[in-house]
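Raw target.cif, mmCIF, N, CA and C atoms and all ligand atoms:
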```
data_model
#
loop_
_atom_site.label_atom_id
_atom_site.label_comp_id
_atom_site.auth_asym_id
_atom_site.auth_seq_id
_atom_site.Cartn_x
_atom_site.Cartn_y
_atom_site.Cartn_z
N MET A 1040 120.17 124.93 112.59
CA MET A 1040 120.98 123.89 113.23
C MET A 1040 121.29 122.79 112.21
N LYS A 1041 122.60 122.47 112.07
CA LYS A 1041 122.99 121.45 111.08
C LYS A 1041 123.08 120.08 111.75
N LEU A 1042 122.38 119.10 111.20
CA LEU A 1042 122.43 117.76 111.79
C LEU A 1042 123.38 116.87 111.00
N ASN A 1043 124.24 116.17 111.72
CA ASN A 1043 125.24 115.33 111.07
C ASN A 1043 125.23 113.94 111.72
N PRO A 1044 124.65 112.94 111.04
CA PRO A 1044 124.56 111.61 111.63
C PRO A 1044 125.92 111.03 111.98
N SER A 1045 126.97 111.37 111.20
CA SER A 1045 128.27 110.76 111.51
C SER A 1045 128.87 111.35 112.80
N PHE A 1046 128.51 112.60 113.11
CA PHE A 1046 128.95 113.17 114.40
C PHE A 1046 128.30 112.39 115.55
N LYS A 1047 127.01 112.15 115.41
CA LYS A 1047 126.29 111.40 116.44
C LYS A 1047 126.92 110.02 116.63
N GLU A 1048 127.21 109.35 115.51
CA GLU A 1048 127.82 108.01 115.61
C GLU A 1048 129.18 108.06 116.29
N GLU A 1049 129.94 109.10 115.98
CA GLU A 1049 131.27 109.24 116.60
C GLU A 1049 131.14 109.38 118.12
N VAL A 1050 130.19 110.22 118.57
CA VAL A 1050 130.00 110.39 120.02
C VAL A 1050 129.49 109.08 120.63
N PHE A 1051 128.58 108.44 119.95
CA PHE A 1051 128.04 107.17 120.44
C PHE A 1051 129.16 106.14 120.61
N ARG A 1052 130.06 106.09 119.61
CA ARG A 1052 131.16 105.12 119.68
C ARG A 1052 132.03 105.41 120.90
N ALA A 1053 132.33 106.71 121.11
CA ALA A 1053 133.24 107.09 122.21
C ALA A 1053 132.58 106.91 123.57
N MET A 1054 131.32 107.22 123.66
CA MET A 1054 130.63 107.24 124.96
C MET A 1054 129.87 105.95 125.27
N GLY A 1055 129.61 105.20 124.24
CA GLY A 1055 128.72 104.05 124.40
C GLY A 1055 127.32 104.48 124.02
N GLU A 1056 126.83 103.94 122.93
CA GLU A 1056 125.51 104.33 122.41
C GLU A 1056 124.41 104.14 123.45
N HIS A 1057 124.52 103.03 124.19
CA HIS A 1057 123.48 102.69 125.16
C HIS A 1057 123.27 103.84 126.16
N ALA A 1058 124.39 104.36 126.71
CA ALA A 1058 124.30 105.40 127.73
C ALA A 1058 123.53 106.62 127.23
N LEU A 1059 123.86 107.08 126.03
CA LEU A 1059 123.21 108.28 125.52
C LEU A 1059 121.75 108.02 125.14
N ARG A 1060 121.50 106.87 124.56
CA ARG A 1060 120.11 106.55 124.18
C ARG A 1060 119.21 106.38 125.40
N MET A 1061 119.81 106.02 126.54
CA MET A 1061 119.02 105.80 127.75
C MET A 1061 118.50 107.11 128.35
N CYS A 1062 119.04 108.24 127.92
CA CYS A 1062 118.56 109.53 128.44
C CYS A 1062 117.13 109.76 127.98
N TYR A 1063 116.23 109.98 128.90
CA TYR A 1063 114.84 110.25 128.51
C TYR A 1063 114.44 111.69 128.80
N GLN A 1064 115.47 112.56 128.88
CA GLN A 1064 115.23 114.01 128.94
C GLN A 1064 114.40 114.44 130.16
N CYS A 1065 114.65 113.78 131.29
CA CYS A 1065 113.87 114.11 132.49
C CYS A 1065 114.29 115.46 133.09
N GLY A 1066 115.54 115.87 132.80
CA GLY A 1066 116.01 117.17 133.29
C GLY A 1066 116.56 117.16 134.71
N LYS A 1067 116.70 115.97 135.28
CA LYS A 1067 117.22 115.91 136.65
C LYS A 1067 118.67 116.43 136.70
N CYS A 1068 119.43 116.13 135.65
CA CYS A 1068 120.83 116.61 135.57
C CYS A 1068 120.85 118.13 135.71
N SER A 1069 119.97 118.79 134.98
CA SER A 1069 119.93 120.26 135.02
C SER A 1069 119.47 120.75 136.39
N SER A 1070 118.51 120.06 136.98
CA SER A 1070 117.98 120.56 138.26
C SER A 1070 119.02 120.44 139.39
N PHE A 1071 119.99 119.52 139.25
CA PHE A 1071 121.04 119.41 140.26
C PHE A 1071 122.28 120.24 139.92
N CYS A 1072 122.29 120.82 138.73
CA CYS A 1072 123.50 121.51 138.26
C CYS A 1072 123.62 122.92 138.85
N PRO A 1073 124.74 123.22 139.55
CA PRO A 1073 124.89 124.56 140.13
C PRO A 1073 125.02 125.66 139.08
N VAL A 1074 125.57 125.32 137.92
CA VAL A 1074 125.72 126.36 136.87
C VAL A 1074 124.35 126.67 136.27
N PHE A 1075 123.57 125.62 136.04
CA PHE A 1075 122.21 125.83 135.50
C PHE A 1075 121.37 126.65 136.47
N SER A 1076 121.54 126.40 137.78
CA SER A 1076 120.71 127.14 138.73
C SER A 1076 121.06 128.64 138.71
N LEU A 1077 122.29 128.97 138.36
CA LEU A 1077 122.68 130.38 138.28
C LEU A 1077 122.36 130.99 136.91
N TYR A 1078 122.59 130.21 135.85
CA TYR A 1078 122.44 130.75 134.48
C TYR A 1078 121.60 129.80 133.62
N PRO A 1079 120.30 129.66 133.93
CA PRO A 1079 119.50 128.67 133.21
C PRO A 1079 119.38 128.91 131.70
N THR A 1080 119.57 130.15 131.27
CA THR A 1080 119.46 130.39 129.82
C THR A 1080 120.79 130.19 129.11
N ARG A 1081 121.88 130.08 129.89
CA ARG A 1081 123.20 130.01 129.25
C ARG A 1081 123.86 128.63 129.35
N PHE A 1082 123.33 127.79 130.22
CA PHE A 1082 123.93 126.45 130.33
C PHE A 1082 122.88 125.44 130.78
N ASN A 1083 122.74 124.39 130.00
CA ASN A 1083 121.73 123.38 130.32
C ASN A 1083 122.24 122.00 129.87
N PRO A 1084 122.70 121.16 130.81
CA PRO A 1084 123.23 119.85 130.41
C PRO A 1084 122.20 118.99 129.66
N ARG A 1085 120.95 119.04 130.07
CA ARG A 1085 119.92 118.25 129.38
C ARG A 1085 119.86 118.63 127.90
N ARG A 1086 119.96 119.94 127.62
CA ARG A 1086 119.89 120.40 126.23
C ARG A 1086 121.12 119.92 125.44
N ILE A 1087 122.29 119.91 126.09
CA ILE A 1087 123.51 119.46 125.40
C ILE A 1087 123.35 117.98 124.99
N ILE A 1088 122.81 117.18 125.90
CA ILE A 1088 122.60 115.76 125.59
C ILE A 1088 121.60 115.61 124.44
N GLU A 1089 120.58 116.41 124.46
CA GLU A 1089 119.57 116.38 123.39
C GLU A 1089 120.23 116.72 122.04
N MET A 1090 121.10 117.73 122.04
CA MET A 1090 121.76 118.13 120.79
C MET A 1090 122.62 117.00 120.25
N VAL A 1091 123.36 116.34 121.17
CA VAL A 1091 124.21 115.23 120.74
C VAL A 1091 123.35 114.10 120.18
N ASN A 1092 122.25 113.81 120.84
CA ASN A 1092 121.40 112.69 120.44
C ASN A 1092 120.70 112.90 119.10
N ILE A 1093 120.60 114.14 118.66
CA ILE A 1093 120.02 114.35 117.32
C ILE A 1093 121.11 114.65 116.28
N GLY A 1094 122.38 114.62 116.73
CA GLY A 1094 123.49 114.81 115.78
C GLY A 1094 123.75 116.27 115.45
N ALA A 1095 123.42 117.18 116.37
CA ALA A 1095 123.65 118.61 116.11
C ALA A 1095 125.12 118.95 116.39
N GLU A 1096 125.92 118.85 115.35
CA GLU A 1096 127.36 119.06 115.50
C GLU A 1096 127.71 120.48 115.94
N ASP A 1097 126.78 121.41 115.71
CA ASP A 1097 127.00 122.82 116.11
C ASP A 1097 127.30 122.94 117.60
N VAL A 1098 126.94 121.93 118.36
CA VAL A 1098 127.19 121.98 119.81
C VAL A 1098 128.68 122.23 120.09
N LEU A 1099 129.55 121.78 119.16
CA LEU A 1099 131.00 121.96 119.36
C LEU A 1099 131.40 123.43 119.29
N GLN A 1100 130.58 124.25 118.66
CA GLN A 1100 130.92 125.67 118.51
C GLN A 1100 130.29 126.53 119.58
N LYS A 1101 129.60 125.90 120.50
CA LYS A 1101 128.89 126.68 121.53
C LYS A 1101 129.77 126.89 122.77
N ASP A 1102 129.74 128.13 123.26
CA ASP A 1102 130.46 128.44 124.51
C ASP A 1102 129.93 127.59 125.66
N GLU A 1103 128.68 127.18 125.52
CA GLU A 1103 128.00 126.43 126.58
C GLU A 1103 128.81 125.22 127.06
N ILE A 1104 129.47 124.53 126.15
CA ILE A 1104 130.17 123.30 126.58
C ILE A 1104 131.38 123.62 127.47
N TRP A 1105 131.78 124.88 127.54
CA TRP A 1105 132.92 125.25 128.38
C TRP A 1105 132.47 125.78 129.75
N ARG A 1106 131.18 125.78 130.00
CA ARG A 1106 130.68 126.34 131.27
C ARG A 1106 130.53 125.30 132.37
N CYS A 1107 130.59 124.04 132.04
CA CYS A 1107 130.46 122.97 133.04
C CYS A 1107 131.69 122.98 133.95
N THR A 1108 131.47 122.84 135.25
CA THR A 1108 132.60 122.84 136.19
C THR A 1108 133.13 121.43 136.47
N THR A 1109 132.51 120.42 135.84
CA THR A 1109 132.84 119.00 136.05
C THR A 1109 132.71 118.59 137.53
N CYS A 1110 131.67 119.07 138.16
CA CYS A 1110 131.48 118.77 139.59
C CYS A 1110 130.82 117.40 139.83
N TYR A 1111 130.28 116.80 138.78
CA TYR A 1111 129.66 115.45 138.84
C TYR A 1111 128.29 115.39 139.52
N GLU A 1112 127.69 116.53 139.87
CA GLU A 1112 126.36 116.49 140.50
C GLU A 1112 125.35 115.81 139.56
N CYS A 1113 125.41 116.18 138.28
CA CYS A 1113 124.46 115.61 137.30
C CYS A 1113 124.65 114.10 137.17
N THR A 1114 125.90 113.69 137.06
CA THR A 1114 126.21 112.26 136.89
C THR A 1114 125.72 111.46 138.08
N GLU A 1115 125.96 111.99 139.27
CA GLU A 1115 125.56 111.26 140.49
C GLU A 1115 124.05 111.16 140.63
N ASN A 1116 123.32 112.06 140.01
CA ASN A 1116 121.86 112.08 140.18
C ASN A 1116 121.06 111.64 138.96
N CYS A 1117 121.75 111.24 137.90
CA CYS A 1117 121.02 110.80 136.71
C CYS A 1117 120.41 109.42 136.95
N PRO A 1118 119.10 109.28 136.79
CA PRO A 1118 118.46 107.97 137.02
C PRO A 1118 118.92 106.90 136.03
N GLN A 1119 119.50 107.35 134.90
CA GLN A 1119 119.93 106.41 133.86
C GLN A 1119 121.44 106.18 133.89
N GLY A 1120 122.12 106.77 134.86
CA GLY A 1120 123.57 106.54 135.00
C GLY A 1120 124.40 107.14 133.87
N LEU A 1121 123.89 108.22 133.24
CA LEU A 1121 124.68 108.82 132.16
C LEU A 1121 125.80 109.70 132.73
N ASN A 1122 127.01 109.45 132.25
CA ASN A 1122 128.17 110.20 132.74
C ASN A 1122 128.34 111.46 131.88
N PHE A 1123 127.70 112.54 132.33
CA PHE A 1123 127.74 113.78 131.55
C PHE A 1123 129.15 114.37 131.50
N VAL A 1124 129.91 114.20 132.57
CA VAL A 1124 131.27 114.79 132.60
C VAL A 1124 132.13 114.16 131.50
N GLU A 1125 131.99 112.85 131.33
CA GLU A 1125 132.73 112.16 130.26
C GLU A 1125 132.33 112.74 128.90
N LEU A 1126 131.04 113.00 128.75
CA LEU A 1126 130.56 113.56 127.48
C LEU A 1126 131.13 114.96 127.26
N ILE A 1127 131.12 115.78 128.29
CA ILE A 1127 131.58 117.16 128.12
C ILE A 1127 133.08 117.19 127.82
N VAL A 1128 133.84 116.29 128.43
CA VAL A 1128 135.28 116.23 128.15
C VAL A 1128 135.50 115.82 126.69
N PHE A 1129 134.71 114.86 126.23
CA PHE A 1129 134.80 114.43 124.82
C PHE A 1129 134.48 115.60 123.88
N LEU A 1130 133.39 116.32 124.18
CA LEU A 1130 132.98 117.43 123.31
C LEU A 1130 134.03 118.54 123.30
N ARG A 1131 134.62 118.81 124.45
CA ARG A 1131 135.66 119.85 124.51
C ARG A 1131 136.89 119.43 123.71
N THR A 1132 137.24 118.17 123.81
CA THR A 1132 138.40 117.68 123.06
C THR A 1132 138.15 117.83 121.56
N LYS A 1133 136.94 117.44 121.11
CA LYS A 1133 136.61 117.56 119.69
C LYS A 1133 136.63 119.03 119.26
N ALA A 1134 136.04 119.89 120.13
CA ALA A 1134 135.99 121.32 119.81
C ALA A 1134 137.41 121.87 119.67
N TYR A 1135 138.29 121.45 120.56
CA TYR A 1135 139.69 121.90 120.52
C TYR A 1135 140.36 121.44 119.21
N GLU A 1136 140.17 120.17 118.89
CA GLU A 1136 140.78 119.62 117.67
C GLU A 1136 140.30 120.36 116.42
N LYS A 1137 139.05 120.81 116.43
CA LYS A 1137 138.50 121.49 115.25
C LYS A 1137 138.74 123.00 115.28
N GLY A 1138 139.43 123.47 116.30
CA GLY A 1138 139.75 124.90 116.37
C GLY A 1138 138.61 125.76 116.89
N PHE A 1139 137.63 125.16 117.58
CA PHE A 1139 136.49 125.93 118.09
C PHE A 1139 136.66 126.33 119.56
N ALA A 1140 137.72 125.88 120.20
CA ALA A 1140 137.86 126.16 121.64
C ALA A 1140 138.08 127.65 121.86
N PRO A 1141 137.46 128.23 122.89
CA PRO A 1141 137.70 129.65 123.18
C PRO A 1141 139.17 129.91 123.54
N LYS A 1142 139.58 131.16 123.35
CA LYS A 1142 141.00 131.51 123.53
C LYS A 1142 141.51 131.23 124.96
N THR A 1143 140.72 131.59 125.96
CA THR A 1143 141.23 131.51 127.34
C THR A 1143 141.64 130.10 127.77
N PRO A 1144 140.77 129.08 127.63
CA PRO A 1144 141.23 127.76 128.05
C PRO A 1144 142.41 127.24 127.24
N VAL A 1145 142.50 127.63 125.96
CA VAL A 1145 143.63 127.18 125.13
C VAL A 1145 144.92 127.81 125.65
N GLN A 1146 144.85 129.11 125.99
CA GLN A 1146 146.04 129.78 126.53
C GLN A 1146 146.45 129.15 127.86
N GLU A 1147 145.46 128.83 128.68
CA GLU A 1147 145.75 128.21 129.98
C GLU A 1147 146.41 126.85 129.78
N LEU A 1148 145.91 126.10 128.82
CA LEU A 1148 146.47 124.78 128.53
C LEU A 1148 147.93 124.90 128.10
N GLU A 1149 148.21 125.89 127.22
CA GLU A 1149 149.58 126.10 126.76
C GLU A 1149 150.50 126.45 127.94
N LEU A 1150 149.97 127.29 128.84
CA LEU A 1150 150.77 127.67 130.02
C LEU A 1150 151.06 126.47 130.91
N VAL A 1151 150.05 125.62 131.09
CA VAL A 1151 150.26 124.42 131.92
C VAL A 1151 151.31 123.54 131.27
N ARG A 1152 151.24 123.42 129.93
CA ARG A 1152 152.23 122.60 129.22
C ARG A 1152 153.63 123.16 129.40
N LYS A 1153 153.75 124.50 129.27
CA LYS A 1153 155.08 125.13 129.31
C LYS A 1153 155.62 125.28 130.72
N GLU A 1154 154.73 125.75 131.64
CA GLU A 1154 155.23 126.14 132.95
C GLU A 1154 154.67 125.33 134.11
N GLY A 1155 153.63 124.55 133.83
CA GLY A 1155 153.03 123.75 134.90
C GLY A 1155 151.97 124.49 135.69
N PHE A 1156 151.65 125.73 135.27
CA PHE A 1156 150.63 126.52 135.96
C PHE A 1156 149.67 127.11 134.92
N SER A 1157 148.42 127.36 135.35
CA SER A 1157 147.44 127.89 134.39
C SER A 1157 147.42 129.42 134.35
N VAL A 1158 148.16 130.06 135.26
CA VAL A 1158 148.28 131.53 135.22
C VAL A 1158 149.77 131.86 135.16
N PRO A 1159 150.13 132.96 134.47
CA PRO A 1159 151.56 133.30 134.38
C PRO A 1159 152.13 133.59 135.77
N LEU A 1160 153.33 133.12 136.02
CA LEU A 1160 153.96 133.36 137.32
C LEU A 1160 154.63 134.73 137.30
N SER A 1161 154.55 135.43 138.41
CA SER A 1161 155.25 136.72 138.51
C SER A 1161 156.75 136.41 138.64
N PRO A 1162 157.64 137.38 138.29
CA PRO A 1162 159.08 137.13 138.44
C PRO A 1162 159.43 136.74 139.88
N ARG A 1163 158.73 137.34 140.85
CA ARG A 1163 159.02 137.03 142.26
C ARG A 1163 158.66 135.56 142.58
N ALA A 1164 157.49 135.14 142.10
CA ALA A 1164 157.06 133.76 142.34
C ALA A 1164 158.02 132.78 141.67
N LYS A 1165 158.50 133.16 140.47
CA LYS A 1165 159.46 132.29 139.76
C LYS A 1165 160.74 132.14 140.57
N ARG A 1166 161.22 133.28 141.10
CA ARG A 1166 162.47 133.23 141.89
C ARG A 1166 162.27 132.35 143.12
N TRP A 1167 161.11 132.53 143.77
CA TRP A 1167 160.83 131.76 144.99
C TRP A 1167 160.80 130.26 144.66
N LEU A 1168 160.13 129.96 143.55
CA LEU A 1168 159.99 128.55 143.16
C LEU A 1168 161.35 127.94 142.84
N GLU A 1169 162.15 128.73 142.08
CA GLU A 1169 163.47 128.21 141.70
C GLU A 1169 164.33 127.97 142.94
N SER A 1170 164.31 128.92 143.88
CA SER A 1170 165.16 128.75 145.06
C SER A 1170 164.69 127.57 145.90
N ASN A 1171 163.37 127.38 146.00
CA ASN A 1171 162.86 126.25 146.78
C ASN A 1171 163.13 124.92 146.10
N THR A 1172 163.06 124.93 144.75
CA THR A 1172 163.36 123.70 144.01
C THR A 1172 164.82 123.33 144.22
N LEU A 1173 165.69 124.37 144.20
CA LEU A 1173 167.12 124.11 144.39
C LEU A 1173 167.39 123.56 145.79
N ILE A 1174 166.67 124.12 146.77
CA ILE A 1174 166.85 123.65 148.15
C ILE A 1174 166.49 122.16 148.24
N LYS A 1175 165.31 121.85 147.60
CA LYS A 1175 164.87 120.45 147.67
C LYS A 1175 165.86 119.55 146.92
N ALA A 1176 166.29 120.02 145.71
CA ALA A 1176 167.22 119.20 144.93
C ALA A 1176 168.51 118.98 145.67
N GLY A 1177 168.94 119.97 146.45
CA GLY A 1177 170.18 119.85 147.21
C GLY A 1177 170.00 119.07 148.49
N GLY A 1178 168.80 118.71 148.81
CA GLY A 1178 168.53 117.90 150.01
C GLY A 1178 168.67 118.69 151.30
N LYS A 1179 168.55 120.06 151.20
CA LYS A 1179 168.69 120.85 152.44
C LYS A 1179 167.35 121.05 153.13
S1 LIG B 1 119.20 113.20 134.37
FE1 LIG B 1 119.94 111.60 133.00
S2 LIG B 1 118.12 110.81 131.98
FE2 LIG B 1 117.56 112.76 132.91
S3 LIG B 1 117.90 114.28 131.27
FE3 LIG B 1 119.75 114.20 132.47
S4 LIG B 1 121.05 112.69 131.43
FE4 LIG B 1 118.96 112.41 130.70
S1 LIG B 2 129.24 118.35 136.09
FE1 LIG B 2 128.73 120.16 134.85
S2 LIG B 2 126.70 119.78 134.08
FE2 LIG B 2 127.04 118.35 135.75
S3 LIG B 2 126.19 119.36 137.53
FE3 LIG B 2 128.36 119.87 137.49
S4 LIG B 2 128.48 121.79 136.35
FE4 LIG B 2 126.46 120.94 135.97
#
```
Is it possible to give me this structure as structure tokens?
Amino acid sequence: MKLNPSFKEEVFRAMGEHALRMCYQCGKCSSFCPVFSLYPTRFNPRRIIEMVNIGAEDVLQKDEIWRCTTCYECTENCPQGLNFVELIVFLRTKAYEKGFAPKTPVQELELVRKEGFSVPLSPRAKRWLESNTLIKAGGK
């Protein structure tokens, strides 16, 4: 595991150093997490926070950061008020910028940018959408 103090400082600046330092690794976030309860060896929010707090930049290359559903259960139950969802969004953004994001979410993002949907539309759905948009535009 490669430790990079400047990575830690960057996350601290973005998230607020106080919030991350206040984590005392109690694991309550993980115990409330529905993904952790299903896949405890593959996703653990407490461990992600620990990695950030020691400056383990490798966390950006882990599939683990893409498994959070952003349901906020951890955030709502953290005794220290740490907003894990904000952290995971920050880590995903950094991972994307560095080219570490997995293919599927990147493709979905491109589709949303181009077409407004995260899955490709069938020709039939496109026709339906176009005709309904025209109806609305025409005020009928
Ligand atoms: S619940 Fe809060 S204090 Fe406890 S490990 Fe998770 S983030 Fe840290
Ligand atoms: S927001 Fe993510 S880490 Fe937190 S409880 Fe939900 S799935 Fe788990």
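Using only N, CA and C atoms and all ligand atoms for every distance, the candidate list A:Gly1066, A:Pro1079, A:Pro1162, A:Pro1144 yields A:Gly1066 as the residue closest to ligand LIG 1 (chain B).
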Please tabulate, as CSV, the residues of chain A that come within 7 Å of ligand LIG 1 (chain B), each with its closest pair of atoms and the distance in Å to one decimal, counting all atoms listed in the file and ordering rows by chain, then residue number upward.
```
residue,atom,partner,partner_atom,distance
A:Met1061,C,B:LIG1,S2,5.2
A:Cys1062,CA,B:LIG1,FE4,3.7
A:Tyr1063,N,B:LIG1,S2,3.7
A:Gln1064,CA,B:LIG1,S3,3.6
A:Cys1065,N,B:LIG1,S3,3.3
A:Gly1066,N,B:LIG1,S3,3.2
A:Lys1067,N,B:LIG1,S1,3.8
A:Cys1068,N,B:LIG1,S1,3.2
A:Ser1069,N,B:LIG1,FE3,5.2
A:Pro1084,C,B:LIG1,FE3,6.1
A:Arg1085,CA,B:LIG1,S3,4.8
A:Ile1088,CA,B:LIG1,S4,6.8
A:Cys1113,C,B:LIG1,S1,6.2
A:Asn1116,C,B:LIG1,S1,5.2
A:Cys1117,CA,B:LIG1,S1,3.8
A:Pro1118,N,B:LIG1,FE1,4.5
A:Gln1119,N,B:LIG1,FE1,4.7
A:Gly1120,N,B:LIG1,FE1,5.6
A:Leu1121,N,B:LIG1,FE1,5.2
A:Asn1122,N,B:LIG1,S4,6.8
A:Phe1123,N,B:LIG1,S4,6.7
```
Mind running chain A against ligand LIG 2 (chain B) at 7 Å and telling me each contacting residue's nearest atom pair with the distance in Å (one decimal), counting only C-alpha atoms and all ligand atoms, chain and number ascending, as a tab-separated table?
```
residue	atom	partner	partner_atom	distance
A:Cys1068	CA	B:LIG2	S3	6.3
A:Ser1069	CA	B:LIG2	FE4	6.6
A:Phe1071	CA	B:LIG2	S3	5.8
A:Cys1072	CA	B:LIG2	S3	3.5
A:Pro1073	CA	B:LIG2	FE4	5.7
A:Val1074	CA	B:LIG2	S4	5.4
A:Phe1075	CA	B:LIG2	FE4	6.5
A:Pro1084	CA	B:LIG2	S2	5.1
A:Cys1107	CA	B:LIG2	FE1	3.8
A:Thr1108	CA	B:LIG2	S4	4.3
A:Thr1109	CA	B:LIG2	S1	3.7
A:Cys1110	CA	B:LIG2	FE3	3.9
A:Tyr1111	CA	B:LIG2	S1	4.0
A:Glu1112	CA	B:LIG2	S3	4.1
A:Cys1113	CA	B:LIG2	FE2	4.1
A:Thr1114	CA	B:LIG2	FE2	6.3
A:Phe1123	CA	B:LIG2	FE2	6.2
A:Val1124	CA	B:LIG2	S1	5.4
```
Practice prompt. Could you tell me which of A:Lys1041, A:Leu1077, A:Phe1129, A:Asn1092 comes closest to A:Leu1059 if we count all atoms listed in the file?
Written response: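 Of A:Lys1041, A:Leu1077, A:Phe1129, A:Asn1092, the one nearest A:Leu1059 is A:Asn1092, counting all atoms listed in the file.
Distance-wise, atom N of A:Asp1102 and atom CA of A:His1057 end up 26.3 Å apart.
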re atom C of A:Ser1045 and atom CA of A:Glu1125: distance 17.9 Å
| field | Residue nearest A:Leu1042 - candidates A:Ile1093, A:Val1145, A:Ile1127, A:Met1054, atoms counted: only N, CA and C atoms | value |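 For A:Leu1042, the nearest of the candidates is A:Ile1093.
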Please report the interatomic distance between atom CA of A:Lys1133 and atom CA of A:Leu1099 in Å with one decimal.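 Result for atom CA of A:Lys1133 versus atom CA of A:Leu1099: 7.1 Å, one decimal.
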With only C-alpha atoms as the counted atoms, please give the residues lying no more than 8 Å from A:Val1091, apart from itself and same-chain residues fewer than 6 positions off, as a CSV table (one decimal) with N, CA and C atoms, in the coordinates of the input.
```csv
chain,number,residue,atom,x,y,z
A,1047,LYS,N,127.0,112.2,115.4
A,1047,LYS,CA,126.3,111.4,116.4
A,1047,LYS,C,126.9,110.0,116.6
A,1050,VAL,N,130.2,110.2,118.6
A,1050,VAL,CA,130.0,110.4,120.0
A,1050,VAL,C,129.5,109.1,120.6
A,1098,VAL,N,126.9,121.9,118.4
A,1098,VAL,CA,127.2,122.0,119.8
A,1098,VAL,C,128.7,122.2,120.1
```
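With distances restricted to all atoms listed in the file, A:Ala1053 is the closest residue to A:Leu1126 from A:Val1151, A:Ala1053, A:Leu1160, A:Ala1095.
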Notebook entry, point to check: Hey, what does DSSP flag as helix (DSSP H, G or I) within chain A? Can you give it to me as JSON, numbers by chain?
Noted result: {"A": [1044, 1045, 1046, 1047, 1048, 1049, 1050, 1051, 1052, 1053, 1054, 1056, 1057, 1058, 1059, 1060, 1067, 1068, 1069, 1070, 1071, 1073, 1074, 1075, 1076, 1077, 1084, 1085, 1086, 1087, 1088, 1089, 1090, 1091, 1092, 1096, 1097, 1098, 1099, 1100, 1102, 1103, 1104, 1105, 1112, 1113, 1114, 1115, 1116, 1123, 1124, 1125, 1126, 1127, 1128, 1129, 1130, 1131, 1132, 1133, 1134, 1135, 1136, 1142, 1143, 1144, 1145, 1146, 1147, 1148, 1149, 1150, 1151, 1152, 1153, 1154, 1162, 1163, 1164, 1165, 1166, 1167, 1168, 1169, 1170, 1171, 1172, 1173, 1174, 1175, 1176]}
